[in-house]
>>> print(open('coords-v7.cif').read())   # mmCIF, C-alpha atoms
data_work
loop_
_atom_site.label_atom_id
_atom_site.label_comp_id
_atom_site.auth_asym_id
_atom_site.auth_seq_id
_atom_site.Cartn_x
_atom_site.Cartn_y
_atom_site.Cartn_z
CA MET A 1200 157.01 283.37 145.40
CA ILE A 1201 160.07 281.77 143.84
CA GLU A 1202 161.44 283.39 140.68
CA VAL A 1203 164.23 281.65 138.78
CA GLN A 1204 165.74 284.06 136.26
CA ASN A 1205 168.28 283.26 133.50
CA LEU A 1206 170.13 280.72 135.63
CA LYS A 1207 173.34 279.19 134.28
CA LYS A 1208 175.51 276.55 135.95
CA SER A 1209 178.61 274.66 134.86
CA PHE A 1210 181.30 272.61 136.53
CA GLY A 1211 184.52 273.57 134.83
CA ASP A 1212 183.98 273.02 131.11
CA ASN A 1213 180.89 270.90 131.74
CA LEU A 1214 177.75 272.98 131.16
CA VAL A 1215 174.84 271.72 133.28
CA TRP A 1216 172.20 274.11 131.93
CA GLU A 1217 171.79 277.74 130.93
CA ASP A 1218 169.05 280.36 130.70
CA VAL A 1219 166.68 278.53 133.06
CA SER A 1220 163.74 280.78 133.96
CA PHE A 1221 160.41 279.98 135.62
CA SER A 1222 158.30 281.07 138.59
CA ILE A 1223 156.41 279.28 141.33
CA ASP A 1224 153.51 281.01 143.03
CA ASP A 1225 152.83 280.69 146.74
CA GLY A 1226 151.07 277.46 147.64
CA GLU A 1227 151.83 275.74 144.33
CA THR A 1228 153.40 272.33 143.85
CA THR A 1229 155.86 272.22 140.96
CA ALA A 1230 157.55 269.08 139.63
CA ILE A 1231 160.96 269.31 137.99
CA ILE A 1232 161.45 266.43 135.56
CA GLY A 1233 164.09 265.31 133.08
CA LYS A 1234 166.49 262.51 132.27
CA SER A 1235 169.15 261.41 134.73
CA GLY A 1236 172.16 263.72 134.63
CA THR A 1237 170.29 266.82 133.46
CA GLY A 1238 170.97 268.70 136.71
CA LYS A 1239 167.58 268.51 138.42
CA SER A 1240 169.07 268.05 141.89
CA VAL A 1241 171.68 270.72 141.14
CA LEU A 1242 168.82 273.12 140.38
CA LEU A 1243 167.11 272.20 143.64
CA LYS A 1244 170.29 272.99 145.60
CA HIS A 1245 170.31 276.48 144.08
CA MET A 1246 166.87 277.18 145.51
CA ASN A 1247 168.19 277.63 149.03
CA ALA A 1248 171.73 278.63 148.01
CA LEU A 1249 173.44 275.33 148.80
CA MET A 1250 174.96 275.99 145.38
CA TYR A 1251 175.58 279.25 143.52
CA PRO A 1252 175.16 279.75 139.75
CA ASP A 1253 177.59 281.10 137.20
CA SER A 1254 175.02 283.77 136.39
CA GLY A 1255 171.34 284.54 136.89
CA SER A 1256 169.29 284.82 140.05
CA ILE A 1257 166.71 283.17 142.24
CA LYS A 1258 164.41 285.54 144.10
CA ILE A 1259 162.37 284.60 147.14
CA ASP A 1260 159.61 287.16 147.60
CA GLY A 1261 161.66 289.63 145.56
CA GLU A 1262 164.98 289.12 147.36
CA CYS A 1263 167.86 287.55 145.45
CA LEU A 1264 169.22 284.59 147.40
CA PHE A 1265 172.73 285.02 146.05
CA GLU A 1266 173.02 288.62 147.25
CA LEU A 1267 172.09 287.94 150.88
CA SER A 1268 174.61 288.24 153.69
CA TYR A 1269 175.46 285.14 155.72
CA SER A 1270 173.06 286.07 158.53
CA GLU A 1271 170.27 286.96 156.08
CA LEU A 1272 170.77 283.71 154.19
CA ARG A 1273 170.75 281.67 157.39
CA LYS A 1274 167.40 283.23 158.31
CA THR A 1275 165.99 282.67 154.82
CA ARG A 1276 167.08 279.02 154.80
CA GLN A 1277 164.90 278.44 157.86
CA GLN A 1278 161.91 279.05 155.59
CA PHE A 1279 162.89 275.92 153.63
CA GLY A 1280 162.43 272.29 154.52
CA ILE A 1281 164.29 269.66 152.50
CA LEU A 1282 163.53 265.98 152.06
CA PHE A 1283 166.75 264.48 150.72
CA GLN A 1284 166.66 261.47 148.42
CA GLY A 1285 167.97 259.01 150.99
CA GLY A 1286 166.34 260.71 153.96
CA ALA A 1287 169.74 261.89 155.26
CA LEU A 1288 168.96 260.71 158.78
CA PHE A 1289 171.53 260.50 161.56
CA ASP A 1290 171.87 256.79 162.29
CA SER A 1291 173.53 257.32 165.67
CA ILE A 1292 170.44 258.89 167.26
CA SER A 1293 166.79 257.92 167.58
CA THR A 1294 163.95 258.85 165.26
CA PHE A 1295 162.72 261.38 167.83
CA GLU A 1296 166.12 263.07 168.04
CA ASN A 1297 166.43 263.18 164.25
CA VAL A 1298 163.19 265.15 164.03
CA ALA A 1299 164.08 267.28 167.05
CA PHE A 1300 167.49 268.23 165.68
CA PRO A 1301 166.44 271.46 163.88
CA LEU A 1302 164.52 272.63 166.95
CA ARG A 1303 167.54 272.13 169.18
CA TYR A 1304 169.82 273.90 166.67
CA PHE A 1305 167.64 276.82 165.61
CA THR A 1306 165.29 277.51 168.55
CA ASP A 1307 165.28 278.01 172.30
CA LEU A 1308 162.24 275.84 172.93
CA LYS A 1309 161.97 274.04 176.24
CA GLU A 1310 162.11 270.25 176.32
CA GLU A 1311 158.37 269.80 176.76
CA GLU A 1312 157.75 272.13 173.81
CA ILE A 1313 160.19 270.16 171.65
CA GLU A 1314 158.49 266.93 172.64
CA HIS A 1315 155.10 268.34 171.63
CA GLU A 1316 156.35 269.62 168.26
CA VAL A 1317 158.15 266.38 167.40
CA ASN A 1318 155.19 264.21 168.33
CA GLU A 1319 152.91 266.41 166.22
CA ALA A 1320 155.26 266.18 163.21
CA LEU A 1321 155.48 262.39 163.57
CA ARG A 1322 151.68 262.24 163.79
CA MET A 1323 151.37 264.15 160.53
CA VAL A 1324 153.48 261.52 158.73
CA ASN A 1325 151.67 258.61 160.47
CA LEU A 1326 154.62 257.57 162.62
CA GLU A 1327 153.38 258.44 166.11
CA ALA A 1328 154.81 255.28 167.64
CA ALA A 1329 158.22 255.43 165.96
CA GLY A 1330 159.90 258.10 168.08
CA LYS A 1331 161.95 255.70 170.19
CA LYS A 1332 163.01 253.52 167.28
CA SER A 1333 166.55 253.50 165.97
CA THR A 1334 166.70 254.71 162.38
CA ALA A 1335 168.29 251.32 161.54
CA GLU A 1336 164.93 249.73 162.36
CA LEU A 1337 163.06 251.81 159.79
CA SER A 1338 162.06 250.70 156.30
CA GLY A 1339 162.87 252.86 153.30
CA GLY A 1340 159.40 254.38 153.29
CA MET A 1341 159.54 255.08 157.02
CA ARG A 1342 162.92 256.80 156.63
CA LYS A 1343 161.40 259.07 153.98
CA ARG A 1344 158.52 259.92 156.32
CA VAL A 1345 160.88 260.67 159.22
CA GLY A 1346 162.86 262.89 156.85
CA LEU A 1347 159.62 264.66 155.96
CA ALA A 1348 158.72 265.13 159.63
CA ARG A 1349 162.12 266.75 160.17
CA ALA A 1350 161.63 268.90 157.06
CA ILE A 1351 158.39 270.40 158.39
CA ILE A 1352 159.40 270.75 162.05
CA LEU A 1353 160.36 274.44 161.70
CA LYS A 1354 157.08 275.15 159.89
CA PRO A 1355 158.71 276.21 156.62
CA ARG A 1356 157.04 278.12 153.80
CA TYR A 1357 158.79 276.03 151.16
CA LEU A 1358 159.38 272.28 150.93
CA LEU A 1359 162.00 270.89 148.55
CA TYR A 1360 161.77 267.18 147.71
CA ASP A 1361 164.63 265.35 146.00
CA GLU A 1362 163.29 262.15 144.39
CA PRO A 1363 160.86 261.43 147.27
CA THR A 1364 159.59 258.13 145.77
CA SER A 1365 162.94 256.83 144.50
CA GLY A 1366 163.57 253.21 145.46
CA LEU A 1367 160.10 252.70 146.91
CA ASP A 1368 157.46 250.16 145.89
CA PRO A 1369 154.29 251.51 144.23
CA GLU A 1370 152.14 251.31 147.38
CA THR A 1371 154.71 253.15 149.50
CA SER A 1372 155.22 255.68 146.70
CA ASP A 1373 151.49 256.40 146.78
CA GLU A 1374 151.72 256.98 150.54
CA ILE A 1375 154.51 259.52 150.01
CA ASN A 1376 152.53 261.24 147.25
CA ASP A 1377 149.53 261.47 149.57
CA LEU A 1378 151.74 263.07 152.22
CA ILE A 1379 153.12 265.61 149.73
CA LEU A 1380 149.54 266.60 148.90
CA GLU A 1381 148.57 266.69 152.57
CA MET A 1382 151.54 268.89 153.51
CA ALA A 1383 150.73 271.30 150.67
CA ASN A 1384 147.05 271.53 151.60
CA THR A 1385 147.24 271.41 155.39
CA LEU A 1386 150.30 273.59 155.90
CA ASP A 1387 149.79 275.85 152.85
CA ILE A 1388 153.35 275.12 151.74
CA THR A 1389 154.95 275.85 148.38
CA SER A 1390 156.46 272.58 147.15
CA VAL A 1391 159.17 271.79 144.60
CA VAL A 1392 159.55 268.11 143.73
CA ILE A 1393 162.45 266.62 141.77
CA THR A 1394 161.22 263.37 140.26
CA HIS A 1395 161.33 261.02 137.29
CA ASP A 1396 158.16 259.28 138.49
CA MET A 1397 155.38 260.37 136.13
CA HIS A 1398 152.76 258.77 138.38
CA SER A 1399 153.85 261.25 141.06
CA VAL A 1400 153.81 264.16 138.61
CA LEU A 1401 150.27 263.41 137.52
CA ARG A 1402 149.10 263.08 141.12
CA ILE A 1403 150.79 265.97 142.89
CA ALA A 1404 151.91 268.66 140.43
CA GLU A 1405 150.22 271.86 139.40
CA LYS A 1406 153.14 273.05 137.26
CA VAL A 1407 155.92 271.13 135.51
CA VAL A 1408 159.49 272.16 134.66
CA PHE A 1409 161.19 269.96 132.05
CA ILE A 1410 165.00 270.16 131.82
CA ASP A 1411 166.56 268.73 128.66
CA GLU A 1412 169.63 269.30 126.48
CA GLN A 1413 171.27 271.65 129.03
CA LYS A 1414 168.36 274.08 129.14
CA LEU A 1415 164.79 274.63 130.26
CA SER A 1416 163.01 272.73 127.51
CA TRP A 1417 159.40 273.24 128.62
CA PHE A 1418 157.44 274.87 131.45
CA GLY A 1419 153.70 274.97 132.03
CA THR A 1420 150.73 273.67 133.98
CA LEU A 1421 149.91 270.00 134.39
CA ALA A 1422 146.91 270.44 132.08
CA GLU A 1423 149.15 272.02 129.45
CA MET A 1424 151.65 269.17 129.79
CA LYS A 1425 148.95 266.62 129.07
CA GLU A 1426 148.08 268.45 125.83
CA SER A 1427 151.63 269.37 124.82
CA ASP A 1428 153.10 268.25 121.50
CA HIS A 1429 156.63 269.44 122.41
CA PRO A 1430 158.67 266.52 120.97
CA PRO A 1431 161.31 266.11 123.74
CA LEU A 1432 158.64 266.28 126.44
CA VAL A 1433 156.37 263.83 124.62
CA ASP A 1434 159.31 261.45 124.15
CA PHE A 1435 160.22 261.67 127.85
CA ILE A 1436 156.66 261.02 128.99
CA THR A 1437 156.23 258.15 126.53
CA ALA A 1438 159.49 256.53 127.67
CA SER A 1439 158.47 256.95 131.32
CA GLU A 1440 155.10 255.30 130.70
CA TYR A 1441 156.83 252.43 128.90
CA GLN A 1442 159.13 251.89 131.88
CA ILE A 1443 156.16 251.97 134.26
#
>>> encode(input="coords-v7.cif", output="structure tokens")
Amino acid sequence: MIEVQNLKKSFGDNLVWEDVSFSIDDGETTAIIGKSGTGKSVLLKHMNALMYPDSGSIKIDGECLFELSYSELRKTRQQFGILFQGGALFDSISTFENVAFPLRYFTDLKEEEIEHEVNEALRMVNLEAAGKKSTAELSGGMRKRVGLARAIILKPRYLLYDEPTSGLDPETSDEINDLILEMANTLDITSVVITHDMHSVLRIAEKVVFIDEQKLSWFGTLAEMKESDHPPLVDFITASEYQI
């Protein structure tokens, strides 16, 4: 379970948001939405302590991330997989080696075991034949899928997605959404998805966090969002539908 409690973050005199509080139950998929510049990705980086807040806490199964020692935090971070917006692949090594990287860094697996795990992860994202390809040969959608294979390779409990469908055409976006659902269902993973794509929200989310005006503006289930008359949320959804 992820519990975000009274979180506040600023950069110098620039307040990002304050008093952000919500919880995510095990196995749930939660979308974090809001306008550009509202600090959605900043919030995501707090969830595995890549950033620290000015005040407040994030608890993972009751333990505050920001109070962990370096060794405890390193162990906790291995429970998280992250799909970065651009994929964040290493262009100097092959697709296979990109996916294998966490196994080589964090485990003592033998080469044949690494090969098995990587091939299985690539199979799950429908890229079985791409292992030998250079990342330069991959399309944008393929890069996202390789990034997802790398994110799940350590069998994490939590998957963090930063704009997973950004820059993709509608058909490829649907493929990524299908994979998010498949990862959640097959691997029983708790997922947090930063997105401005309302098609994705409607397809994948069980809960929705809406950040607006430097605060948590609204939080609830997908069903509640559809019925909500909260003006800023309604305006955001309406504007998103217009852009679509």
>>> closest_atom_pairs(input="coords-v7.cif", of="segment 1276-1362 of chain A", to="segment 1221-1238 of chain A", cutoff="10 Å", atoms="all atoms listed in the file", output="CSV")
residue,atom,partner,partner_atom,distance
A:Arg1356,CA,A:Gly1226,CA,8.6
A:Tyr1357,CA,A:Gly1226,CA,8.6
A:Leu1358,CA,A:Thr1228,CA,9.3
A:Leu1359,CA,A:Thr1229,CA,9.9
A:Tyr1360,CA,A:Ala1230,CA,9.3
A:Asp1361,CA,A:Ile1231,CA,9.7
A:Glu1362,CA,A:Ile1231,CA,9.9
>>> resolve_selection(input="coords-v7.cif", expression="the PyMOL selection byres ((chain A and resi 1368-1379) around 8)", output="number ranges by chain")
A: 1324, 1340, 1343-1344, 1363-1364, 1366-1367, 1380-1383, 1399, 1402-1403
>>> resolve_selection(input="coords-v7.cif", expression="the PyMOL selection byres ((chain A and resi 1422-1432) around 10)", output="PyMOL selection string")
chain A and resi 1232-1233+1401+1404-1412+1416-1421+1433-1438
>>> atom_distance(input="coords-v7.cif", atom1="atom CA of Val1317 of chain A", atom2="atom CA of Ala1248 of chain A")
26.7 Å
>>> residues_around(input="coords-v7.cif", residues="segment 1280-1289 of chain A", least_positions_apart="5", cutoff="12 Å", atoms="only C-alpha atoms", output="PyMOL selection string")
chain A and resi 1240+1243-1244+1246-1247+1249+1275+1294-1301+1333-1335+1337-1367+1375+1379+1382+1388-1394
>>> write_last_selection(input="coords-v7.cif", atoms="C-alpha atoms", output="PDB file, in the frame of the given file")
ATOM      1  CA  SER A1240     169.070 268.050 141.890  1.00  0.00           C
ATOM      2  CA  LEU A1243     167.110 272.200 143.640  1.00  0.00           C
ATOM      3  CA  LYS A1244     170.290 272.990 145.600  1.00  0.00           C
ATOM      4  CA  MET A1246     166.870 277.180 145.510  1.00  0.00           C
ATOM      5  CA  ASN A1247     168.190 277.630 149.030  1.00  0.00           C
ATOM      6  CA  LEU A1249     173.440 275.330 148.800  1.00  0.00           C
ATOM      7  CA  THR A1275     165.990 282.670 154.820  1.00  0.00           C
ATOM      8  CA  THR A1294     163.950 258.850 165.260  1.00  0.00           C
ATOM      9  CA  PHE A1295     162.720 261.380 167.830  1.00  0.00           C
ATOM     10  CA  GLU A1296     166.120 263.070 168.040  1.00  0.00           C
ATOM     11  CA  ASN A1297     166.430 263.180 164.250  1.00  0.00           C
ATOM     12  CA  VAL A1298     163.190 265.150 164.030  1.00  0.00           C
ATOM     13  CA  ALA A1299     164.080 267.280 167.050  1.00  0.00           C
ATOM     14  CA  PHE A1300     167.490 268.230 165.680  1.00  0.00           C
ATOM     15  CA  PRO A1301     166.440 271.460 163.880  1.00  0.00           C
ATOM     16  CA  SER A1333     166.550 253.500 165.970  1.00  0.00           C
ATOM     17  CA  THR A1334     166.700 254.710 162.380  1.00  0.00           C
ATOM     18  CA  ALA A1335     168.290 251.320 161.540  1.00  0.00           C
ATOM     19  CA  LEU A1337     163.060 251.810 159.790  1.00  0.00           C
ATOM     20  CA  SER A1338     162.060 250.700 156.300  1.00  0.00           C
ATOM     21  CA  GLY A1339     162.870 252.860 153.300  1.00  0.00           C
ATOM     22  CA  GLY A1340     159.400 254.380 153.290  1.00  0.00           C
ATOM     23  CA  MET A1341     159.540 255.080 157.020  1.00  0.00           C
ATOM     24  CA  ARG A1342     162.920 256.800 156.630  1.00  0.00           C
ATOM     25  CA  LYS A1343     161.400 259.070 153.980  1.00  0.00           C
ATOM     26  CA  ARG A1344     158.520 259.920 156.320  1.00  0.00           C
ATOM     27  CA  VAL A1345     160.880 260.670 159.220  1.00  0.00           C
ATOM     28  CA  GLY A1346     162.860 262.890 156.850  1.00  0.00           C
ATOM     29  CA  LEU A1347     159.620 264.660 155.960  1.00  0.00           C
ATOM     30  CA  ALA A1348     158.720 265.130 159.630  1.00  0.00           C
ATOM     31  CA  ARG A1349     162.120 266.750 160.170  1.00  0.00           C
ATOM     32  CA  ALA A1350     161.630 268.900 157.060  1.00  0.00           C
ATOM     33  CA  ILE A1351     158.390 270.400 158.390  1.00  0.00           C
ATOM     34  CA  ILE A1352     159.400 270.750 162.050  1.00  0.00           C
ATOM     35  CA  LEU A1353     160.360 274.440 161.700  1.00  0.00           C
ATOM     36  CA  LYS A1354     157.080 275.150 159.890  1.00  0.00           C
ATOM     37  CA  PRO A1355     158.710 276.210 156.620  1.00  0.00           C
ATOM     38  CA  ARG A1356     157.040 278.120 153.800  1.00  0.00           C
ATOM     39  CA  TYR A1357     158.790 276.030 151.160  1.00  0.00           C
ATOM     40  CA  LEU A1358     159.380 272.280 150.930  1.00  0.00           C
ATOM     41  CA  LEU A1359     162.000 270.890 148.550  1.00  0.00           C
ATOM     42  CA  TYR A1360     161.770 267.180 147.710  1.00  0.00           C
ATOM     43  CA  ASP A1361     164.630 265.350 146.000  1.00  0.00           C
ATOM     44  CA  GLU A1362     163.290 262.150 144.390  1.00  0.00           C
ATOM     45  CA  PRO A1363     160.860 261.430 147.270  1.00  0.00           C
ATOM     46  CA  THR A1364     159.590 258.130 145.770  1.00  0.00           C
ATOM     47  CA  SER A1365     162.940 256.830 144.500  1.00  0.00           C
ATOM     48  CA  GLY A1366     163.570 253.210 145.460  1.00  0.00           C
ATOM     49  CA  LEU A1367     160.100 252.700 146.910  1.00  0.00           C
ATOM     50  CA  ILE A1375     154.510 259.520 150.010  1.00  0.00           C
ATOM     51  CA  ILE A1379     153.120 265.610 149.730  1.00  0.00           C
ATOM     52  CA  MET A1382     151.540 268.890 153.510  1.00  0.00           C
ATOM     53  CA  ILE A1388     153.350 275.120 151.740  1.00  0.00           C
ATOM     54  CA  THR A1389     154.950 275.850 148.380  1.00  0.00           C
ATOM     55  CA  SER A1390     156.460 272.580 147.150  1.00  0.00           C
ATOM     56  CA  VAL A1391     159.170 271.790 144.600  1.00  0.00           C
ATOM     57  CA  VAL A1392     159.550 268.110 143.730  1.00  0.00           C
ATOM     58  CA  ILE A1393     162.450 266.620 141.770  1.00  0.00           C
ATOM     59  CA  THR A1394     161.220 263.370 140.260  1.00  0.00           C
TER      60      THR A1394
END
>>> residues_around(input="coords-v7.cif", residues="Lys1414 of chain A", least_positions_apart="4", cutoff="7 Å", atoms="all atoms listed in the file", output="short mmCIF file (atom, residue, chain, number, x, y, z; two decimals) with C-alpha atoms, in the frame of the given file")
data_model
loop_
_atom_site.label_atom_id
_atom_site.label_comp_id
_atom_site.auth_asym_id
_atom_site.auth_seq_id
_atom_site.Cartn_x
_atom_site.Cartn_y
_atom_site.Cartn_z
CA TRP A 1216 172.20 274.11 131.93
CA GLU A 1217 171.79 277.74 130.93
CA ASP A 1218 169.05 280.36 130.70
CA VAL A 1219 166.68 278.53 133.06
CA ILE A 1410 165.00 270.16 131.82
#
>>> closest_residue(input="coords-v7.cif", among="A:Ser1209, A:Thr1306, A:Gln1204, A:Asn1384", to="Gln1277 of chain A", atoms="only C-alpha atoms")
A:Thr1306
>>> atom_distance(input="coords-v7.cif", atom1="atom CA of Asp1253 of chain A", atom2="atom CA of Asp1396 of chain A")
29.2 Å
>>> closest_residue(input="coords-v7.cif", among="A:Val1241, A:Asn1318, A:Glu1310, A:His1398", to="Lys1331 of chain A", atoms="only C-alpha atoms")
A:Asn1318
>>> resolve_selection(input="coords-v7.cif", expression="the PyMOL selection byres ((chain A and resi 1263) around 12)", output="PyMOL selection string")
chain A and resi 1200-1204+1245-1248+1251+1255-1262+1264-1268+1271-1272+1275
>>> atom_distance(input="coords-v7.cif", atom1="atom CA of Phe1279 of chain A", atom2="atom CA of Ser1220 of chain A")
20.3 Å
>>> closest_residue(input="coords-v7.cif", among="A:Asp1212, A:Ser1291, A:Val1400, A:Leu1242", to="Leu1415 of chain A", atoms="all atoms listed in the file")
A:Leu1242
